[in-house]
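Here the structure is laid out as structure tokens; the discussion comes afterwards.
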Amino acid sequence: MIQGVRLVWTLLFAGFALTAKAQELRVPAFTAYVEPDAEAVNISEQSGVTEWKDGHQKIVWYGKLSAGELSVSLTMSMPKAERSTLRLSIGKQKQYRTIEGSGEERSVDFGAFAIPKNGYQRIELQGVKKSGSAFPNLKTLALNGTAMKNAHFSLVERRNAASVHLSYPIPKEAQVEWFYNEVTVRTTPLWSYYMACGFRRGYFGIQVNSPTERRIIFSIWDSGKEPDKRDLVPDENRVKLLAKGDNVVADSFGGEGTGGHSHLVYSWKQGETYRFLVHAKPEGGFTTYSGYFYFPETQKWGLIARFRAPKDGDYLQGLYSFNENFGGANGQLLRVAEFGKQWARTKEGAWIELTQAKFSHDSHGRTERKDYATGTKQGRFYLSNGGFVENGARYGDSVTRPRSANPMEGTPLPE
């Protein structure tokens with residue numbers, strides 16, 4: 001009887017071990033990134049990775065693994081009579097495979113890799129040589145083995161880093177007329193928006209638009225619930241431009257709600273601190289919002305734009321800041337900015353220093369992309385998203401920074 005029970009437990013344990021070892025995760029190829037040129041290879045949910053012609057462009061996946069053994073295979077296809085040699089690397093470990101094209105989709109085994117410790121890993125595929133015009137089309141990365149315990153990879157088409165936010169609580173009774181904040185950007189990958197002064201009706205910050213262009217952006221949302229097309233918004237719901245600064249472009253926006261948009265092309269620099277100020281002036285059922293930027297060159301506040309928002313009549317509410325990666329092709333890159341010092345001034349002229357912040361992220365940060373962080377550095381709040389690094393930040397965490405001496409560093413309000 002005892003031997004029979006022991007045999008049953010042995011078989012059960014062996015079955016559990018085999019199951020643990022055999023657990024597999026199939027990662028769609030369209031979740032990969034291309035490095036160094038994010039747009040050099042075609043990646044889509046329908047086709048996977050295609051038009052991979054330059055072997056210097058690497059196809060890269062990032063995900064969290066446990067210490068253990070990892071078996072890797074790739075589902076791919078290539079025309080008949082073509083041949084490609086590929087190299088798959090994890091850390092310093094490399095495996096080479098030469099693939100003969102058959103015109104059919106097939107799985108190619110790249111063997112086993114030892115994962116030395118828990119955490120995010122980089123899985124890199126590089127083209128070594130080819131006989132045809134392109135390397136194989138890729139459909140699926142299949143991962144297996146004991147390293148898959150508690151593994152986490154994003155499996156959705158969206159490759160952006162999660163957007164992350166800091167909200168600044170204010171006293172319930174406060175009627176905030178002015179909101180001041182500072183931003184110091186530490187990393188500047190393309191398609192990044194570091195937003196300093198956010199509020200219930202709009203947002204104000206700096207953006208990386210291209211390798212040669214950077215912008216200051218100030219925008220106010222229309223009333224109503226039209227999500228995409230501003231030409232569908234009735235005139236009584238539309239934000240109206242009242243004034244703008246020199247060389248500022250003022251237009252409208254859609255696709256994330258609709259509203260009035262303004263931007264100034266301005267070569268702001270990584271590592272320098274920039275200052276932002278928003279003013280709200282309620283007038284009956286309207287509120288006029290003005291965005292001011294402090295230009296270091298002149299050491300003066302300059303107006304970016306002034307908009308009149310209908311169906312409002314309130315002072316500034318819902319103060320916050322955020323980091324956003326608005327182009328997913330380089331969503332693996334780290335984005336870091338420091339925010340502060342923050343001050344609010346009431347309509348009565350009382351200054352309130354905002355030393356508390358609450359961390360949050362968008363829905364993409366709930367399950368798919370958990371590489372984000374927050375805290376304080378040198379007396380300022382910081383936010384990071386992307387880079388596949390984290391510091392254990394959780395939705396709703398509170399952060400406190402030290403108090404400072406003077407509101408707005410003693411700079412007078414604009415006239």
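Quick note on naming: the chains in the structure tokens go A, B, ... in the order shown, residues restart at 1 in each chain, and ligands are numbered from 1 in order of appearance.
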
Run DSSP on the backbone and grab whatever in region 165-405 of chain A lands in strand (DSSP E); send it over as a PyMOL selection string.
chain A and resi 165-167+176-185+192-198+202-208+214-221+240-244+249-253+259-265+273-283+286-295+300-309+320-325+335-339+343-346+351-353+356-361+372-377+380-385+398-400

List the neighbours of region 242-245 of chain A out to 9 Å using only C-alpha atoms; skip same-chain residues closer than 4 positions along the sequence, and give me the result as a VMD selection string.
chain A and resid 249 to 250 262 264 288 290 302 to 308

Filtering to C-alpha atoms, could you give me those residues as a PDB file, in the first residue's frame?
```pdb
ATOM      1  CA  VAL A 249       0.757  77.837 -34.807  1.00  0.00           C
ATOM      2  CA  ALA A 250      -2.893  77.603 -33.706  1.00  0.00           C
ATOM      3  CA  SER A 262      -1.418  75.539 -30.337  1.00  0.00           C
ATOM      4  CA  LEU A 264       5.566  76.667 -30.952  1.00  0.00           C
ATOM      5  CA  THR A 288     -10.512  81.729 -20.630  1.00  0.00           C
ATOM      6  CA  SER A 290      -3.889  81.104 -21.026  1.00  0.00           C
ATOM      7  CA  GLY A 302       5.756  84.561 -23.179  1.00  0.00           C
ATOM      8  CA  LEU A 303       2.187  83.758 -24.158  1.00  0.00           C
ATOM      9  CA  ILE A 304       1.769  80.553 -26.150  1.00  0.00           C
ATOM     10  CA  ALA A 305      -1.991  80.842 -26.595  1.00  0.00           C
ATOM     11  CA  ARG A 306      -5.250  81.966 -24.997  1.00  0.00           C
ATOM     12  CA  PHE A 307      -8.475  80.016 -25.554  1.00  0.00           C
ATOM     13  CA  ARG A 308     -12.056  80.674 -24.463  1.00  0.00           C
TER      14      ARG A 308
END
```

Where does region 198-241 of chain A meet region 310-323 of chain A within 10 Å, residue by residue, with the nearest atom pair and distance in Å to one decimal for each, counting only C-alpha atoms, listed by chain and rising number, as a tab-separated table?
```
residue	atom	partner	partner_atom	distance
A:Gly198	CA	A:Tyr320	CA	4.8
A:Phe199	CA	A:Leu319	CA	4.6
A:Arg200	CA	A:Gly318	CA	5.1
A:Arg201	CA	A:Gln317	CA	8.2
A:Gly202	CA	A:Leu316	CA	9.7
A:Tyr203	CA	A:Ser321	CA	8.5
A:Phe204	CA	A:Ser321	CA	9.0
A:Gly205	CA	A:Ser321	CA	8.8
A:Gln207	CA	A:Asn323	CA	9.9
A:Trp221	CA	A:Pro310	CA	9.8
A:Asp222	CA	A:Pro310	CA	7.5
A:Ser223	CA	A:Lys311	CA	6.5
A:Gly224	CA	A:Lys311	CA	9.1
A:Asp235	CA	A:Pro310	CA	9.7
A:Glu236	CA	A:Pro310	CA	7.0
A:Asn237	CA	A:Pro310	CA	6.0
A:Arg238	CA	A:Pro310	CA	6.8
A:Val239	CA	A:Pro310	CA	6.4
A:Lys240	CA	A:Pro310	CA	8.5
```

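If you measure from each of A:Gly349, A:Gly271, A:Gly340, A:Pro407 to Thr187 (chain A) using only C-alpha atoms, the closest one turns out to be A:Gly271.
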
Given only C-alpha atoms as the counted atoms, nearest of A:Leu334, A:Ala29, A:Gly284, A:Arg106 to Asn42 (chain A):
A:Ala29

Selection near Gly386 (chain A), 10 Å with only C-alpha atoms, sequence-local residues under 4 positions removed, as an NGL selection string:
:A and (160-163 or 324-325 or 330-336 or 369-373 or 390)

Residues from last step as file, C-alpha atoms, as an mmCIF file, in the first residue's frame:
```cif
data_model
loop_
_atom_site.group_PDB
_atom_site.id
_atom_site.type_symbol
_atom_site.label_atom_id
_atom_site.label_comp_id
_atom_site.auth_asym_id
_atom_site.auth_seq_id
_atom_site.Cartn_x
_atom_site.Cartn_y
_atom_site.Cartn_z
ATOM 1 C CA ASN A 160 3.844 52.105 -26.882
ATOM 2 C CA ALA A 161 5.089 52.306 -23.337
ATOM 3 C CA ALA A 162 2.264 52.886 -20.882
ATOM 4 C CA SER A 163 1.397 56.529 -20.241
ATOM 5 C CA GLU A 324 3.458 59.884 -23.010
ATOM 6 C CA ASN A 325 4.977 57.759 -25.775
ATOM 7 C CA ASN A 330 10.099 52.886 -30.358
ATOM 8 C CA GLY A 331 8.055 52.064 -27.272
ATOM 9 C CA GLN A 332 10.929 50.027 -25.839
ATOM 10 C CA LEU A 333 12.999 53.171 -25.162
ATOM 11 C CA LEU A 334 13.209 54.746 -21.714
ATOM 12 C CA ARG A 335 11.505 58.084 -21.113
ATOM 13 C CA VAL A 336 12.362 60.003 -17.940
ATOM 14 C CA ARG A 369 3.371 47.166 -20.036
ATOM 15 C CA LYS A 370 4.472 47.335 -16.426
ATOM 16 C CA ASP A 371 7.828 49.018 -17.024
ATOM 17 C CA TYR A 372 7.328 52.336 -15.239
ATOM 18 C CA ALA A 373 8.578 54.100 -12.138
ATOM 19 C CA GLU A 390 10.689 49.354 -13.048
#
```

As a ChimeraX atom specification, please: every residue in region 56-255 of chain A that a backbone DSSP assignment puts in helix (DSSP H, G or I).
/A:146-148,230-232,235-237

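Using only C-alpha atoms for every distance, the candidate list A:Leu166, A:Ile99, A:Val41, A:Val265 yields A:Ile99 as the residue closest to Glu82 (chain A).
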
Shell around Thr258 (chain A) at 10 Å using only C-alpha atoms, local window under 2 positions removed, as a ChimeraX atom specification:
/A:219-233,238-239,252-256,260-261

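Closest approach to His152 (chain A) from the set A:Val60, A:Ala38, A:Leu25, A:Ile43 is made by A:Leu25, with distances taken over only C-alpha atoms.
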